[in-house]
Amino acid sequence: MASSIQNESEFGPHSYYRDSAGPVAVYPRAAGQMECDVCVVGGGFTGLSTALHLAEAGYSVVLLEAERIGWGASGRNGGQVINGYAKDICEVARQLGPEQSRCLWELSLEATQLLGDTIVRHGIDAEYQSGHLLAAVRPHHMTGLAVEQDALAGLGYTRSRLLDRDQVKAHVRSSRYHGGLLDEGGGHLHPLKYARGLAAAGARAGVRIFEKSRVLKIHPANGNGTGFALAVTEQGAVSARHLVLCCNAYLGALEPELRARIMPVGTYVIATEPLGGERALGLLPDNSCVSDTNFVLDYFRLSADWRLLFGGRVSYTTLPPAGLARRMRDRLVVVFPQLGEVAVTHAWGGFVDISRNRLPDVGRRPGNVYYAQGFSGHGVALTGLAGKVIGDAIRGDAEKFDVFARIPHQSFPGGPLLRMPLLILATLYSRLQDII
Ligand SMILES: Cc1cc2nc3c(=O)[nH]c(=O)nc-3n(C[C@H](O)[C@H](O)[C@H](O)COP(=O)(O)OP(=O)(O)OC[C@H]3O[C@@H](n4cnc5c(N)ncnc54)[C@H](O)[C@@H]3O)c2cc1C
């Protein structure tokens with residue numbers, strides 16, 4: 001075991017991604033007074049995409065990251081590029097009606113398309129592979145997948161198909177699954193390489209990127225009588241016509257009302273030793289990534305050097321779970337008993353920012369403050385689009401931004417003290433349904 005999530009350095013956890021992302025560009029600390037059109041807070045996919053799109057449109061942009069580029073969820077995640085949202089599209093339609101759910105589905109397709117285009121346009125070596133499989137853990141989960149497939153077909157989507165128990169084995173060599181929904185429009189990538197590639201593209205477009213530059217306080221525009229919003233860091237301040245908060249689960253106390261609408265939930269990933277191409281493709285023959293239909297789900301994929309990256313579990317504390325690598329490995333062996341002897345080289349974790357309705361929370365606050373959060377574990381593709389639509393809204397075209405901004409969001413009940421215990425209770429109930 002080379003590392004654990006206790007082993008966090010200033011570059012984030014000692015993850016497989018950190019070890020395989022190649023040389024890292026280091027950006028300076030923000031110091032003194034700066035002025036710009038847009039100040040972006042947070043250097044994950046959302047902030048990097050916002051900054052890149054606005055700089056390309058000719059805006060002067062400052063990006064302030066508290067730690068390092070990709071330090072948050074963007075540099076730690078499962079790398080799965082999934083169409084749609086954390087709630088299936090039928091549920092989105094039940095919540096928001098057919099018209100808005102259709103718009104949201106189309107925006108999610110735009111998000112995966114944008115991700116692919118961005119990788120190509122900026123020459124990012126993100127190791128993209130196509131294919132995502134949603135694998136059914138219980139026989140009755142197939143009913144839900146069939147309904148979802150019908151809904152997708154009804155929306156005119158032609159790249160997904162339902163697989164039965166025999167067919168699913170051509171994609172995942174595990175006896176655990178009763179079938180699945182394969183989406184050729186999904187895929188997977190190396191998230192830290194992608195984040196660093198976005199930062200490099202932003203810097204080339206003129207974004208002034210600062211690391212180790214935590215924003216301690218924000219003052220919305222008009223509050224200070226200048227028409228400029230202000231982001232205050234330890235060693236200076238940035239005045240900007242617009243502020244964009246892209247802090248995800250790591251927002252902390254910067255904006256209490258936004259913070260109350262998301263819950264940080266820990267999720268974890270392990271990397272095996274390299275398995276060799278033949279053995280690795282013996283597990284996932286078409287190199288699609290897989291997530292399962294459980295509430296507390298397993299998600300896994302192959303890396304470019306033929307490791308199995310296996311994610312799952314959840315935790316509601318900020319403490320690393322005891323025996324993480326061993327416990328994750330036990331889960332992996334349930335799915336792939338043929339890996340009983342395999343060594344685990346890395347284990348790490350991070351926080352997803354779940355919203356109450358599990359849909360993204362994108363909007364505008366008084367005083368020219370925009371924000372995007374609440375991707376609920378489905379942010380690899382959607383974050384890029386969220387950044388773009390925020391950029392478009394700042395430029396005066398809020399049509400797509402408004403589709404997101406119209407989604408109603410609520411705070412988690414219970415206030416700061418009780419919201420976590422209440423969420424744990426709700427999760428235990430859903431977890432029970434995974435088991436029965
Ligand atoms: C282990 C794990 C697995 C996941 N797997 C998947 C997956 O397979 N597919 C998928 O679609 N999604 C997945 N997700 C979710 C996905 O990673 C996120 O939705 C996405 O990365 C969010 O990007 P972001 O830019 O909004 O936030 P982040 O990447 O978390 O970035 C926020 C940044 O803001 C910075 N910040 C916070 N406060 C301040 C401040 N005051 N001043 C300056 N900077 C600040 C933080 O340091 C951080 O770098 C996973 C998440 C985790 C943790």
# chains A, B, ... in the order shown; residues from 1 in each chain; ligands from 1
$ residues_around --residues "range 339-353 of chain A" --least-positions-apart "2" --cutoff "7 Å" --atoms "only C-alpha atoms" --output "VMD selection string"
chain A and resid 1 to 5 13 15 to 16 73 76 248 to 249 262 to 273 325 333 336 to 337 355 373 to 377
$ residues_near_ligand --ligand "ligand 1" --cutoff "7 Å" --atoms "only C-alpha atoms and all ligand atoms" --output "ChimeraX atom specification"
/A:41-47,64-82,213-216,246-252,254,266-269,311,349-353,372-373,375-381,383
$ select_by_dssp --residues "range 104-328 of chain A" --states "strand (DSSP E)" --output "VMD selection string"
chain A and resid 129 to 135 160 to 163 180 to 188 208 to 210 215 to 219 229 to 233 236 to 245 262 to 272 289 to 292 299 to 302 308 to 315
$ atom_distance --atom1 "CA of Val232 in chain A" --atom2 "CA of Ala199 in chain A"
21.9 Å
$ select_by_dssp --residues "range 250-379 of chain A" --states "helix (DSSP H, G or I)" --output "compact mmCIF listing (two decimals) with N, CA, C and O atoms, in the first residue's frame"
# COMPACT_ATOMS: atom_id res chain seq x y z
N TYR A 250 -16.23 22.27 -1.16
CA TYR A 250 -15.16 22.88 -0.36
C TYR A 250 -15.45 24.35 -0.08
O TYR A 250 -14.57 25.10 0.33
N PRO A 256 -22.72 31.32 3.34
CA PRO A 256 -23.51 30.39 4.16
C PRO A 256 -24.82 29.94 3.50
O PRO A 256 -25.22 28.78 3.65
N GLU A 257 -25.50 30.83 2.76
CA GLU A 257 -26.79 30.41 2.18
C GLU A 257 -26.59 29.34 1.11
O GLU A 257 -27.37 28.41 0.99
N LEU A 258 -25.53 29.48 0.32
CA LEU A 258 -25.25 28.45 -0.69
C LEU A 258 -24.79 27.17 -0.02
O LEU A 258 -25.17 26.07 -0.42
N ARG A 259 -23.99 27.32 1.01
CA ARG A 259 -23.47 26.14 1.71
C ARG A 259 -24.61 25.30 2.28
O ARG A 259 -24.55 24.06 2.26
N GLY A 277 -2.65 -5.41 -20.25
CA GLY A 277 -3.82 -5.19 -21.11
C GLY A 277 -4.74 -6.39 -21.17
O GLY A 277 -5.97 -6.27 -21.08
N GLU A 278 -4.17 -7.58 -21.30
CA GLU A 278 -5.00 -8.76 -21.51
C GLU A 278 -5.88 -9.03 -20.28
O GLU A 278 -7.09 -9.24 -20.40
N ARG A 279 -5.26 -8.95 -19.10
CA ARG A 279 -6.02 -9.25 -17.88
C ARG A 279 -7.06 -8.15 -17.63
O ARG A 279 -8.20 -8.42 -17.23
N ALA A 280 -6.65 -6.90 -17.89
CA ALA A 280 -7.56 -5.78 -17.64
C ALA A 280 -8.77 -5.86 -18.57
O ALA A 280 -9.92 -5.72 -18.14
N LEU A 281 -8.51 -6.12 -19.87
CA LEU A 281 -9.63 -6.21 -20.82
C LEU A 281 -10.43 -7.49 -20.60
O LEU A 281 -11.55 -7.61 -21.07
N LEU A 324 -9.34 2.00 4.99
CA LEU A 324 -10.01 2.31 3.72
C LEU A 324 -9.60 1.37 2.59
O LEU A 324 -10.46 0.79 1.92
N ALA A 325 -8.28 1.24 2.37
CA ALA A 325 -7.83 0.45 1.21
C ALA A 325 -8.33 -0.99 1.32
O ALA A 325 -8.80 -1.57 0.34
N ARG A 326 -8.25 -1.55 2.54
CA ARG A 326 -8.67 -2.94 2.71
C ARG A 326 -10.17 -3.09 2.45
O ARG A 326 -10.63 -3.99 1.75
N ARG A 327 -10.94 -2.12 2.99
CA ARG A 327 -12.40 -2.23 2.85
C ARG A 327 -12.83 -2.03 1.40
O ARG A 327 -13.75 -2.69 0.90
N MET A 328 -12.15 -1.11 0.72
CA MET A 328 -12.48 -0.92 -0.70
C MET A 328 -12.09 -2.15 -1.52
O MET A 328 -12.78 -2.55 -2.45
N ARG A 329 -10.96 -2.74 -1.15
CA ARG A 329 -10.49 -3.93 -1.86
C ARG A 329 -11.48 -5.08 -1.67
O ARG A 329 -11.77 -5.84 -2.60
N ASP A 330 -12.04 -5.18 -0.44
CA ASP A 330 -13.05 -6.22 -0.20
C ASP A 330 -14.24 -6.04 -1.14
O ASP A 330 -14.79 -7.00 -1.68
N ARG A 331 -14.63 -4.78 -1.36
CA ARG A 331 -15.77 -4.52 -2.27
C ARG A 331 -15.40 -4.92 -3.70
O ARG A 331 -16.21 -5.49 -4.44
N LEU A 332 -14.18 -4.56 -4.07
CA LEU A 332 -13.72 -4.87 -5.43
C LEU A 332 -13.78 -6.39 -5.68
O LEU A 332 -14.21 -6.83 -6.75
N VAL A 333 -13.39 -7.16 -4.66
CA VAL A 333 -13.35 -8.61 -4.84
C VAL A 333 -14.77 -9.20 -4.93
O VAL A 333 -14.98 -10.24 -5.56
N VAL A 334 -15.74 -8.51 -4.32
CA VAL A 334 -17.13 -8.96 -4.48
C VAL A 334 -17.52 -8.87 -5.96
O VAL A 334 -18.19 -9.75 -6.52
N VAL A 335 -17.08 -7.81 -6.63
CA VAL A 335 -17.43 -7.64 -8.05
C VAL A 335 -16.56 -8.54 -8.93
O VAL A 335 -17.05 -9.18 -9.86
N PRO A 337 -14.16 -11.48 -8.22
CA PRO A 337 -13.45 -12.45 -7.36
C PRO A 337 -12.12 -12.88 -7.99
O PRO A 337 -11.19 -13.26 -7.29
N GLN A 338 -12.03 -12.77 -9.33
CA GLN A 338 -10.80 -13.18 -10.01
C GLN A 338 -9.61 -12.28 -9.67
O GLN A 338 -8.47 -12.57 -10.01
N LEU A 339 -9.87 -11.14 -8.95
CA LEU A 339 -8.78 -10.25 -8.54
C LEU A 339 -8.42 -10.44 -7.07
O LEU A 339 -7.87 -9.54 -6.43
N GLY A 379 -20.51 15.44 -11.99
CA GLY A 379 -20.02 16.74 -12.44
C GLY A 379 -18.95 16.73 -13.51
O GLY A 379 -18.61 17.79 -14.02
$ closest_residue --among "A:Gly236, A:Gly206, A:Pro408, A:Gly384" --to "Val61 in chain A" --atoms "only C-alpha atoms"
A:Gly206
$ residues_around --residues "Phe404 in chain A" --least-positions-apart "2" --cutoff "9 Å" --atoms "only C-alpha atoms" --output "list of chain:residue names"
A:Leu104, A:Leu359, A:Pro360, A:Asp361, A:Val362, A:Gly363, A:Ala386, A:Lys400, A:Phe401, A:Asp402, A:Arg406, A:Ile407
$ write_last_selection --atoms "C-alpha atoms" --output "PDB file, in the first residue's frame"
ATOM      1  CA  LEU A 104     -31.953  19.544 -19.296  1.00  0.00           C
ATOM      2  CA  LEU A 359     -29.645  18.374  -9.603  1.00  0.00           C
ATOM      3  CA  PRO A 360     -27.046  21.101 -10.243  1.00  0.00           C
ATOM      4  CA  ASP A 361     -27.535  24.384  -8.398  1.00  0.00           C
ATOM      5  CA  VAL A 362     -26.495  27.122 -10.836  1.00  0.00           C
ATOM      6  CA  GLY A 363     -27.560  30.706 -10.360  1.00  0.00           C
ATOM      7  CA  ALA A 386     -22.001  25.119 -16.223  1.00  0.00           C
ATOM      8  CA  LYS A 400     -29.210  28.144 -21.192  1.00  0.00           C
ATOM      9  CA  PHE A 401     -28.147  29.535 -17.834  1.00  0.00           C
ATOM     10  CA  ASP A 402     -31.832  30.150 -17.066  1.00  0.00           C
ATOM     11  CA  ARG A 406     -35.048  27.711 -12.914  1.00  0.00           C
ATOM     12  CA  ILE A 407     -34.448  24.432 -11.048  1.00  0.00           C
TER      13      ILE A 407
END
$ closest_residue --among "A:Ile89, A:Val62, A:Ala126, A:Ile390" --to "Val38 in chain A" --atoms "only C-alpha atoms"
A:Val62
$ closest_residue --among "A:Arg173, A:His188, A:Arg301, A:His178" --to "Gly116 in chain A" --atoms "only C-alpha atoms"
A:His188
